[in-house]
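For reference, the structure discussed in these notes is given below.
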There are 2 protein chains.
Amino acid sequence: MMQTYTPAVRTFLPLFYVAWADGMLSPSEVALIHDRIDEIESLTESEMKQLKRWSDPTQWPSDRVFKTWLELIKEAAGDLDNKALSSLAEVGVAVGERAARAGVTAPGSSATESAIRDLQEVLGLRGLEQFRSVSREAAEEDPALQLLTEDIQRLLDGEHVHWRRKVRALLADPVFEVRKHPTKEAQRKQVSEWLAYLAEHGLGKVSYPIETGGQADIGAYAAVFETIALHDLSLAIKFGVHFGLFGGSILNLGTERHHREYLPNVGDLSLPGCFAMTETGHGSNVRDLETTAIYDPDTGLIDVHSPSFRAGKEYIGNALDSQMASVFAQLIVQGENHGVHAILVPIRDAEGQLLEGIRIEDNGYKMGLNGVDNGRIWFDHVKVPRENLLDRFGKITVTGRYESPIGNPSKRFFTMLGTLVGGRICVGKAGLSAAKVGLTIAVKYALHRRQFGPDKHSSETIIMDYPTHQRRLLPKLSKVYAAHFALEHLMKRYARNNEEEVREIETIAAGLKSYATWLATDTIQECREACGGKGYLWINRFADLKADSDIFATFEGDNTVLMQLVAKGLLGQFKDAFHEAGFLGVYRYLRSQATDSLVTINPIYKRKTDADHLVDTAFFNHAFRFRERKLLHTLSDRMRTMLKKRITPYDIFLRTQTHMVALAQAHVELVLLQQFVEEVDRLDGDLKVLMLEVLRLFALSTIEDHKGWYLEHDYMEGIKTKAIRRQVDRLCRELRQQVGVLVDGFGIPDGLIGAPIAFQEFS
Amino acid sequence: MMQTYTPAVRTFLPLFYVAWADGMLSPSEVALIHDRIDEIESLTESEMKQLKRWSDPTQWPSDRVFKTWLELIKEAAGDLDNKALSSLAEVGVAVGERAARAGVTAPGSSATESAIRDLQEVLGLRGLEQFRSVSREAAEEDPALQLLTEDIQRLLDGEHVHWRRKVRALLADPVFEVRKHPTKEAQRKQVSEWLAYLAEHGLGKVSYPIETGGQADIGAYAAVFETIALHDLSLAIKFGVHFGLFGGSILNLGTERHHREYLPNVGDLSLPGCFAMTETGHGSNVRDLETTAIYDPDTGLIDVHSPSFRAGKEYIGNALDSQMASVFAQLIVQGENHGVHAILVPIRDAEGQLLEGIRIEDNGYKMGLNGVDNGRIWFDHVKVPRENLLDRFGKITVTGRYESPIGNPSKRFFTMLGTLVGGRICVGKAGLSAAKVGLTIAVKYALHRRQFGPDKHSSETIIMDYPTHQRRLLPKLSKVYAAHFALEHLMKRYARNNEEEVREIETIAAGLKSYATWLATDTIQECREACGGKGYLWINRFADLKADSDIFATFEGDNTVLMQLVAKGLLGQFKDAFHEAGFLGVYRYLRSQATDSLVTINPIYKRKTDADHLVDTAFFNHAFRFRERKLLHTLSDRMRTMLKKRITPYDIFLRTQTHMVALAQAHVELVLLQQFVEEVDRLDGDLKVLMLEVLRLFALSTIEDHKGWYLEHDYMEGIKTKAIRRQVDRLCRELRQQVGVLVDGFGIPDGLIGAPIAFQEFS
């Protein structure tokens, strides 16, 4: 990209840089610039064209272009004094000459120089005097901080560092540059082009079997996905829908035959597909989907049908671009309903024409993710061959009978749904990516924005120095770190694919997905508010971060429903106990689980407020575990009492619903703590010291969130919760010194941060 | 509007109604419809045109058009049986005939009928069989509920019911119909047209003096503003910026001369203006604005100037349409800076051309409110006559000296800023309007949406019956009621314009604005999530409600900064004590305030859990007051300790900042409680019973929010906070029965609710 700028064009960069950094150009200013450019005879036609394009407000240059300019200017401006820096013409000549020295022909004429000089004056543009006082550069020059930042990046990148770097490098390609407020049509087109680009570079198929062209590496897939999410959530979701959900359904619910036949084409995007599960009438309650798939032994065909309007598939991502859908429907063979199964149904031909019996409608504008084509699909007795049933867990034999390796229909259903788990982990990770971008922007802004001060004679205070500001951002930052480690670890376990862990992984995935996506919503909101009016401008990214990630709390499982799933998971082998042995089974299981702990808390412990104790990992562990166990114990007690009163299981479930959600939250937080502790144990040096502080802030601010509960249950006394509040204040104060390093540690390249306010030069 | 439909056109209404209610039509479906319409020879050209327009997805009919259709269909369909209802042609003929009977010529041919019959089949459209089972109509038919709903509406409408009804009626005009996802240019154009329409109907000037054409009724202005906010927040903000802020600055900071000269033209929108206070470098810290206004005694002119890039005015609403700005600048007379004053500066001529020395840039796309043209303004030595100074609180005499009725510059500054108070109350009210719309949509959806159920044989559960769902929506609903009453009452006090109340009103306004706007953000988010995927679709309004209201936490005073203002207000006559006598003055004042209460809490009281006590208003009052007094008391103690250690006042402020915010919150909640109690005391009958339950939910859920604090300060024991949790659960369960009435009580017309999911027919 840089190579394409001629020296003459480069001479103009400082002018354009300052003009755009100051805001939009008015039409009359644009006209002025064009006039002056026209007058410079030494410019070639293509140079003129490029310069004019850069002054067109409808072509508002992307942040990546900006960054490129900035780098070129920085290189050349290093030797200039403040006087020279104040003239955009002088800086421009230096930029141009530098390119010329590098072997390109000498730059422009004095006409160029005087045009720039005039334009700076007429447009009232400031110079670049302040250029070298940019604080972030000072930080970059401290080698110790630099090392620490790199240590954190390495730690967070984990084993898939290769894939993350690859994606970051790809996303730096000019093809990803466009960032303007688009219509949904333009945005969809853009995302489709990006998607094709990523597919071309082999990123879609990394989780597929090696025989089908993939790398059989689901962990790498997750790393790729979460890195894409730093750039654009529409792109990430479209990527996830096609490669992860559609391809994933073939991979996980199909058999080798399906892998061979379809995955190569899914992997290179020549067979675009969608995942048609949710219906208008049934979202969370997948088991009661209405779409039917009735096998006709005479023709050997499965008849896929939407029996009602509400049975139509809804919010189906990629619906408007797909040629095939993985359709979840009630499979009926020989008149018997065998429950929900997935069937591959062609919906468009290779030219994109809808096939017979298929009706598709656009879901229209959404709050966000408008780069994803969500649609509604109805099937009118669409016939597909028996072989299109994804039959790993249930097949139709040549003789027309249904056979399944899992006899129990309920168990079969949950096993199939288990294939959603990878997607859930990925959504949690994408939410975290959005939260990381938001925190990076808000923290960088807070490190250079000043407002109010002690008196007229002092400079105003950097807003990151306000305790309220620290309280807003730092506990959330610590929770994002906690969630990062927990999701990374969970993905590793998921990738190991160990049969015995499956149920536990499902439970944790449901909980972590909810935790991470709710955390993302809260964090982005807090970051937006912390950036004031600047945070509200579209260019500073919060608008999209917020609107795009908002649905994460709903799709791939509504968070509130998932939290109940976590609780049910904890209520023992819930499939067996809850659904088969009934509540008594649950109760028996619970007693066996709950009686092991919950000794009376020592009065000295309740009032222990010395700093050593309050930041001790053993204390955190005990407090988090106590909360989880106690909630489980009291839940079991309530259930027993209700059972005795002959209350129906469904009513018991309703009456204990909020209790179940609280239990789930306590469990998820325990998982987060344990993983964070394990992570820190493995570290050493400065990195360990810093991460331990982050861990402590996570743990203590979480305990503080629940201090009402802890006091209520006599686990602590007021003297202790007050001391904890002071510890949280202290940790916020101390981590404020490292907060720049902590967000730089996320390793988000400047071009992907995007928001001008993150960079002092722009705000 | 209805009169313009011919009988033949009406015959098609059921078809179009069902087609659109089912979702978007595909291009091929549209083509089909057009073909069939072309074949009907009896249709006139304009009938054909209208019918074709209705089938164009880019012209997607507005909700108001839908509602009109629905009413026409309902009128005609009343006598039809289910079989007839299932045929859209039969229903259509009935609708057409009804119009024909009403005196219009007889409807269409059998060709029309058979075209509709074919289209229903080809497009696979359902009939209207379910038409009369719509649950909300059942509720409408219960006269007791209907009465109660009307009682609530009357209560909430308050004294300005006339103005509210007027605005609701105006907003029902077809001119407000357009609802499609627009570009910012289209949206701005639309909002400007709407604004002109409202101005034409005299709504902008209601707060202006009668001599200038107004009604001198600020309370009516607030009612108008908050009712407009139900429809569109961009329109409300543009309305508020011009009439409220720009006009308000002339009204409140100018003198009679300014009123006479400008307000008539402001009131009829012939002089569009903006309020140029915030600068890029200074938002919250208004006192340190950089713009200068230097008086030159030789010419008698004031020179208004932006000395730096960061001194440019930013986020100025209406900046791109205004001819005049009310500019806040440091007024310098005879070389002395007299602090921030407002000066009227012409910025465009009557043709809209920028005047010399003015530079204006578009702020570009924002997260929301894209119908408001926010921009940046710089002044390059712009000269205006001395008379343009809004000089109620500080004037320049003919002899060129500065004179002010308020000698103390700090007091003068805060007196001038006090004119923002009306705007703050209005922003709080607009936030509540958005929250009310959100709650109405979410509750109505929750009352007909079903998901999951006890078993295969029962119908699924209405989601409003889930305890988690009640917990999500009902406490927020109770808080919205509380905030409504408090803001109404505050506006009344503000309108009385009693000198002695000014300071207290400013304090409460700062607190209530923050409370109401944060509540709006939380409530809309919760409502969106409670509506799942449907809530994410743009058509269902949460996208705009959320994005548009998001900035309310920032503008008209950043909430976190305002909360500190509340605390400072409570810290006594802070202007005098804090700024002049220093912290010792504050401390002395505090001691005098704080020692009056805070007796030791009786151990029996701490453990009192009988239901009578827990829902007793006296208990609420004591608990809320205790929290506020205790926080004030401990804050004063901390300040004293720090003062003794010779910590500087600014550092004391920093170290107690979070404490101050907590105190402010406690104070605001006490104000909310007291006002709610007063309100309920005035009522009787069923309305009183219901409102008392809402009050109890507000009070107990607020105490529950702070249970950690109450336990920590030994005000209650765990046994009591647990009992409170159970009371909140109980109240949620009981109010669930009335929740439909509670949202209908907001009195938002169906056309303004807008979201299809609020109406069973659509979802």
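Starting from 1 in every chain, residues are counted up; chains themselves are A, B, ... following the order of the structure tokens, and ligands are numbered from 1 as listed.
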For this session: Restrict the distance test to only C-alpha atoms, flag each residue of chain B within 7 Å of chain A, and return the flagged residues as a PyMOL selection string.
Result: chain B and resi 24-26+282+285+361-362+365-367+451-452+454+466-468+529+532-533+536-538+543+551+554+650+654+657-658+707-708+711-713+717-718+721
File dump, residues just selected, N, CA and C atoms, as an mmCIF file, in the first residue's frame:
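And here is the file that came out, part22.cif:
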data_model
loop_
_atom_site.group_PDB
_atom_site.id
_atom_site.type_symbol
_atom_site.label_atom_id
_atom_site.label_comp_id
_atom_site.auth_asym_id
_atom_site.auth_seq_id
_atom_site.Cartn_x
_atom_site.Cartn_y
_atom_site.Cartn_z
ATOM 1 N N MET B 24 -41.509 -9.500 5.306
ATOM 2 C CA MET B 24 -41.259 -8.839 4.037
ATOM 3 C C MET B 24 -41.705 -9.728 2.873
ATOM 4 N N LEU B 25 -42.120 -9.107 1.790
ATOM 5 C CA LEU B 25 -42.406 -9.850 0.572
ATOM 6 C C LEU B 25 -41.141 -9.947 -0.275
ATOM 7 N N SER B 26 -40.972 -11.081 -0.911
ATOM 8 C CA SER B 26 -39.797 -11.220 -1.778
ATOM 9 C C SER B 26 -40.093 -10.564 -3.122
ATOM 10 N N HIS B 282 -13.312 21.156 26.584
ATOM 11 C CA HIS B 282 -14.026 21.289 27.850
ATOM 12 C C HIS B 282 -15.495 20.959 27.707
ATOM 13 N N ASN B 285 -16.333 20.560 32.392
ATOM 14 C CA ASN B 285 -15.724 21.717 33.047
ATOM 15 C C ASN B 285 -16.000 23.010 32.275
ATOM 16 N N GLU B 361 -18.388 22.218 11.079
ATOM 17 C CA GLU B 361 -18.213 20.877 10.525
ATOM 18 C C GLU B 361 -19.263 19.944 11.098
ATOM 19 N N ASP B 362 -19.635 19.009 10.283
ATOM 20 C CA ASP B 362 -20.585 17.983 10.704
ATOM 21 C C ASP B 362 -19.887 17.040 11.687
ATOM 22 N N TYR B 365 -21.785 10.637 11.673
ATOM 23 C CA TYR B 365 -22.703 9.668 12.264
ATOM 24 C C TYR B 365 -22.434 9.509 13.745
ATOM 25 N N LYS B 366 -23.517 9.353 14.476
ATOM 26 C CA LYS B 366 -23.402 9.086 15.903
ATOM 27 C C LYS B 366 -24.028 7.714 16.178
ATOM 28 N N MET B 367 -23.899 7.257 17.425
ATOM 29 C CA MET B 367 -24.520 5.993 17.784
ATOM 30 C C MET B 367 -26.020 6.037 17.497
ATOM 31 N N GLN B 451 -43.084 -19.999 25.749
ATOM 32 C CA GLN B 451 -41.896 -20.816 25.503
ATOM 33 C C GLN B 451 -41.720 -21.811 26.639
ATOM 34 N N PHE B 452 -41.443 -23.025 26.303
ATOM 35 C CA PHE B 452 -41.315 -24.141 27.241
ATOM 36 C C PHE B 452 -42.639 -24.367 27.986
ATOM 37 N N PRO B 454 -44.776 -27.315 31.000
ATOM 38 C CA PRO B 454 -44.646 -28.420 31.950
ATOM 39 C C PRO B 454 -44.410 -29.754 31.236
ATOM 40 N N TYR B 466 -42.871 -16.494 34.103
ATOM 41 C CA TYR B 466 -41.602 -16.952 34.673
ATOM 42 C C TYR B 466 -41.121 -15.964 35.733
ATOM 43 N N PRO B 467 -40.790 -16.476 36.920
ATOM 44 C CA PRO B 467 -40.291 -15.583 37.974
ATOM 45 C C PRO B 467 -39.072 -14.779 37.529
ATOM 46 N N THR B 468 -38.183 -15.382 36.740
ATOM 47 C CA THR B 468 -37.011 -14.614 36.288
ATOM 48 C C THR B 468 -37.451 -13.435 35.433
ATOM 49 N N GLU B 529 -33.350 -7.597 25.890
ATOM 50 C CA GLU B 529 -32.979 -8.993 26.129
ATOM 51 C C GLU B 529 -34.219 -9.834 26.423
ATOM 52 N N GLY B 532 -35.753 -11.209 23.355
ATOM 53 C CA GLY B 532 -34.960 -12.142 22.546
ATOM 54 C C GLY B 532 -34.650 -11.597 21.167
ATOM 55 N N GLY B 533 -34.624 -12.507 20.180
ATOM 56 C CA GLY B 533 -34.266 -12.125 18.824
ATOM 57 C C GLY B 533 -35.198 -11.066 18.254
ATOM 58 N N TYR B 536 -34.233 -7.653 18.829
ATOM 59 C CA TYR B 536 -33.044 -7.193 18.107
ATOM 60 C C TYR B 536 -33.399 -6.632 16.731
ATOM 61 N N LEU B 537 -34.581 -6.962 16.230
ATOM 62 C CA LEU B 537 -34.966 -6.452 14.909
ATOM 63 C C LEU B 537 -35.271 -4.960 14.998
ATOM 64 N N TRP B 538 -34.773 -4.238 14.026
ATOM 65 C CA TRP B 538 -34.906 -2.785 14.044
ATOM 66 C C TRP B 538 -36.367 -2.354 14.134
ATOM 67 N N ALA B 543 -33.619 -0.913 18.983
ATOM 68 C CA ALA B 543 -32.368 -0.417 18.401
ATOM 69 C C ALA B 543 -32.294 1.101 18.558
ATOM 70 N N ILE B 551 -26.918 8.608 24.969
ATOM 71 C CA ILE B 551 -26.156 9.830 25.261
ATOM 72 C C ILE B 551 -26.784 10.651 26.386
ATOM 73 N N THR B 554 -24.815 11.433 29.281
ATOM 74 C CA THR B 554 -23.672 12.331 29.098
ATOM 75 C C THR B 554 -24.089 13.791 28.916
ATOM 76 N N TYR B 650 -8.325 19.462 47.356
ATOM 77 C CA TYR B 650 -8.519 18.747 46.100
ATOM 78 C C TYR B 650 -8.271 17.251 46.291
ATOM 79 N N LEU B 654 -10.750 14.066 45.805
ATOM 80 C CA LEU B 654 -10.464 12.846 45.038
ATOM 81 C C LEU B 654 -10.685 11.595 45.882
ATOM 82 N N GLN B 657 -14.342 10.741 46.478
ATOM 83 C CA GLN B 657 -15.212 10.873 45.317
ATOM 84 C C GLN B 657 -16.270 9.773 45.219
ATOM 85 N N THR B 658 -15.859 8.534 45.414
ATOM 86 C CA THR B 658 -16.845 7.452 45.300
ATOM 87 C C THR B 658 -17.854 7.513 46.444
ATOM 88 N N LYS B 707 -28.687 -4.051 49.957
ATOM 89 C CA LYS B 707 -28.725 -4.846 51.189
ATOM 90 C C LYS B 707 -27.327 -5.047 51.761
ATOM 91 N N GLY B 708 -26.325 -5.097 50.886
ATOM 92 C CA GLY B 708 -24.953 -5.214 51.384
ATOM 93 C C GLY B 708 -24.614 -4.052 52.312
ATOM 94 N N LEU B 711 -26.585 -4.300 55.663
ATOM 95 C CA LEU B 711 -26.052 -5.336 56.557
ATOM 96 C C LEU B 711 -24.715 -4.887 57.140
ATOM 97 N N GLU B 712 -23.900 -4.325 56.282
ATOM 98 C CA GLU B 712 -22.589 -3.842 56.672
ATOM 99 C C GLU B 712 -22.698 -2.815 57.795
ATOM 100 N N HIS B 713 -23.739 -1.985 57.727
ATOM 101 C CA HIS B 713 -23.901 -0.948 58.740
ATOM 102 C C HIS B 713 -24.851 -1.365 59.841
ATOM 103 N N GLU B 717 -30.404 -7.428 59.974
ATOM 104 C CA GLU B 717 -29.679 -8.696 59.978
ATOM 105 C C GLU B 717 -30.118 -9.518 58.769
ATOM 106 N N GLY B 718 -29.348 -10.557 58.521
ATOM 107 C CA GLY B 718 -29.609 -11.395 57.348
ATOM 108 C C GLY B 718 -31.033 -11.923 57.300
ATOM 109 N N THR B 721 -33.070 -9.202 55.610
ATOM 110 C CA THR B 721 -32.852 -8.991 54.170
ATOM 111 C C THR B 721 -33.393 -10.171 53.368
#
Problem set entry | Nearby residues (only C-alpha atoms) at most 8 Å from Ala216 (chain B), same-chain spacing under 3 positions excluded, as JSON, numbers by chain | {"B": [206, 207, 208, 209, 210]}
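In this comparison, which uses only C-alpha atoms, the residue of B:Ala31, B:Met277, B:Cys426, B:Val93 approaching Trp378 (chain B) most closely is B:Met277.
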Problem set entry | Residue neighbourhood Gln215 (chain B), 12 Å, only C-alpha atoms, exclusion window fewer than 3 positions, as a count of residues only | 17
For this session: Compile the contact shell of region 232-247 of chain B as JSON, numbers by chain: residues with an atom at most 7 Å away, counting only C-alpha atoms, same-chain residues fewer than 2 positions apart removed.
Result: {"B": [191, 195, 204, 205, 225, 228, 229, 230, 249, 250, 251, 263, 266, 267, 272, 273, 274, 275, 317, 318, 326, 369, 370, 371, 372, 423, 548]}
Could those residues be written to a file, using C-alpha atoms, as a short mmCIF file (atom, residue, chain, number, x, y, z; two decimals), in the first residue's frame?
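Saved to part34.cif:
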data_model
loop_
_atom_site.label_atom_id
_atom_site.label_comp_id
_atom_site.auth_asym_id
_atom_site.auth_seq_id
_atom_site.Cartn_x
_atom_site.Cartn_y
_atom_site.Cartn_z
CA VAL B 191 -36.89 15.54 11.60
CA LEU B 195 -40.06 20.15 13.73
CA GLY B 204 -42.34 25.40 20.53
CA LYS B 205 -43.16 28.64 22.25
CA PHE B 225 -41.39 17.59 25.16
CA ILE B 228 -42.83 14.03 21.63
CA ALA B 229 -40.12 11.77 23.03
CA LEU B 230 -42.53 8.83 22.87
CA SER B 249 -30.84 30.92 26.94
CA ILE B 250 -32.45 34.08 25.53
CA LEU B 251 -35.36 33.72 27.93
CA LEU B 263 -38.34 35.09 20.92
CA VAL B 266 -37.41 31.59 17.72
CA GLY B 267 -40.94 30.51 18.57
CA PRO B 272 -33.26 28.60 13.91
CA GLY B 273 -30.62 28.60 16.61
CA CYS B 274 -28.24 26.52 18.63
CA PHE B 275 -26.73 26.44 22.09
CA GLY B 317 -27.21 20.29 18.07
CA ASN B 318 -28.83 22.13 15.17
CA SER B 326 -25.94 31.34 21.84
CA LEU B 369 -29.99 10.60 17.30
CA ASN B 370 -28.87 10.78 13.71
CA GLY B 371 -31.87 12.94 12.97
CA VAL B 372 -30.13 15.72 14.92
CA GLY B 423 -33.22 21.16 30.34
CA ASP B 548 -30.86 7.39 20.86
#
Problem set entry | Residue nearest His489 (chain B) - candidates B:Glu121, B:Glu734, B:Ser87, B:Glu159, atoms counted: only C-alpha atoms | B:Glu159
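Within 8 Å of region 405-413 of chain A, once only C-alpha atoms are used and residues closer than 4 positions along the same chain are dropped, the contacting residues are Arg287, His338, Gly339, Val340, Phe393, Gly394, Leu417 and Lys575 of chain A.
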Saved selection, atoms kept: C-alpha atoms, as a CSV table (one decimal), in the first residue's frame:
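Saved result, part_39.csv, follows:
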chain,number,residue,atom,x,y,z
A,287,ARG,CA,-37.1,-29.6,21.5
A,338,HIS,CA,-37.8,-39.6,16.8
A,339,GLY,CA,-37.2,-36.0,17.9
A,340,VAL,CA,-35.2,-33.2,16.4
A,393,PHE,CA,-26.8,-40.1,16.1
A,394,GLY,CA,-29.8,-41.5,14.3
A,417,LEU,CA,-27.4,-30.1,21.0
A,575,LYS,CA,-30.7,-35.8,32.3
Exercise. Would you give me, as a PyMOL selection string, the residues in region 367-584 of chain A that DSSP reads as strand (DSSP E or B)?
Worked result: chain A and resi 374-379+382-385+389+395-396+402-403+450+462+537
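Nearest-residue note for Ala758 (chain A): choosing from A:Ile441, A:Leu477, A:Ser636, A:Leu447, the minimum distance belongs to A:Ile441, counting only C-alpha atoms.
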Exercise. Skipping near chain neighbours, those fewer than 2 positions away, what residues fall within 9 Å of region 507-520 of chain A using only C-alpha atoms, listed as a PyMOL selection string?
Worked result: chain A and resi 421-422+424-436+438+476+479-480+483-484+486-487+490-491+502-505+522-525+546+549-553+556-560+562-563+565-570+664-665+667-669+671-672
Problem set entry | Those in region 340-463 of chain B with helix (DSSP H, G or I) from DSSP, as a PyMOL selection string | chain B and resi 386-388+409-446+463
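Between CA of Leu148 (chain B) and CA of Leu673 (chain B) the separation is 22.9 Å.
Excluding Phe620 (chain A) and any residue on its chain fewer than 6 positions from it, the residues at most 10 Å away by only C-alpha atoms are His613, Leu614, Phe626, Leu670, Leu673, Gln674, Val677, Leu695, Arg696, Phe698, Ala699, Leu700, Thr702 and Ile703 of chain A.
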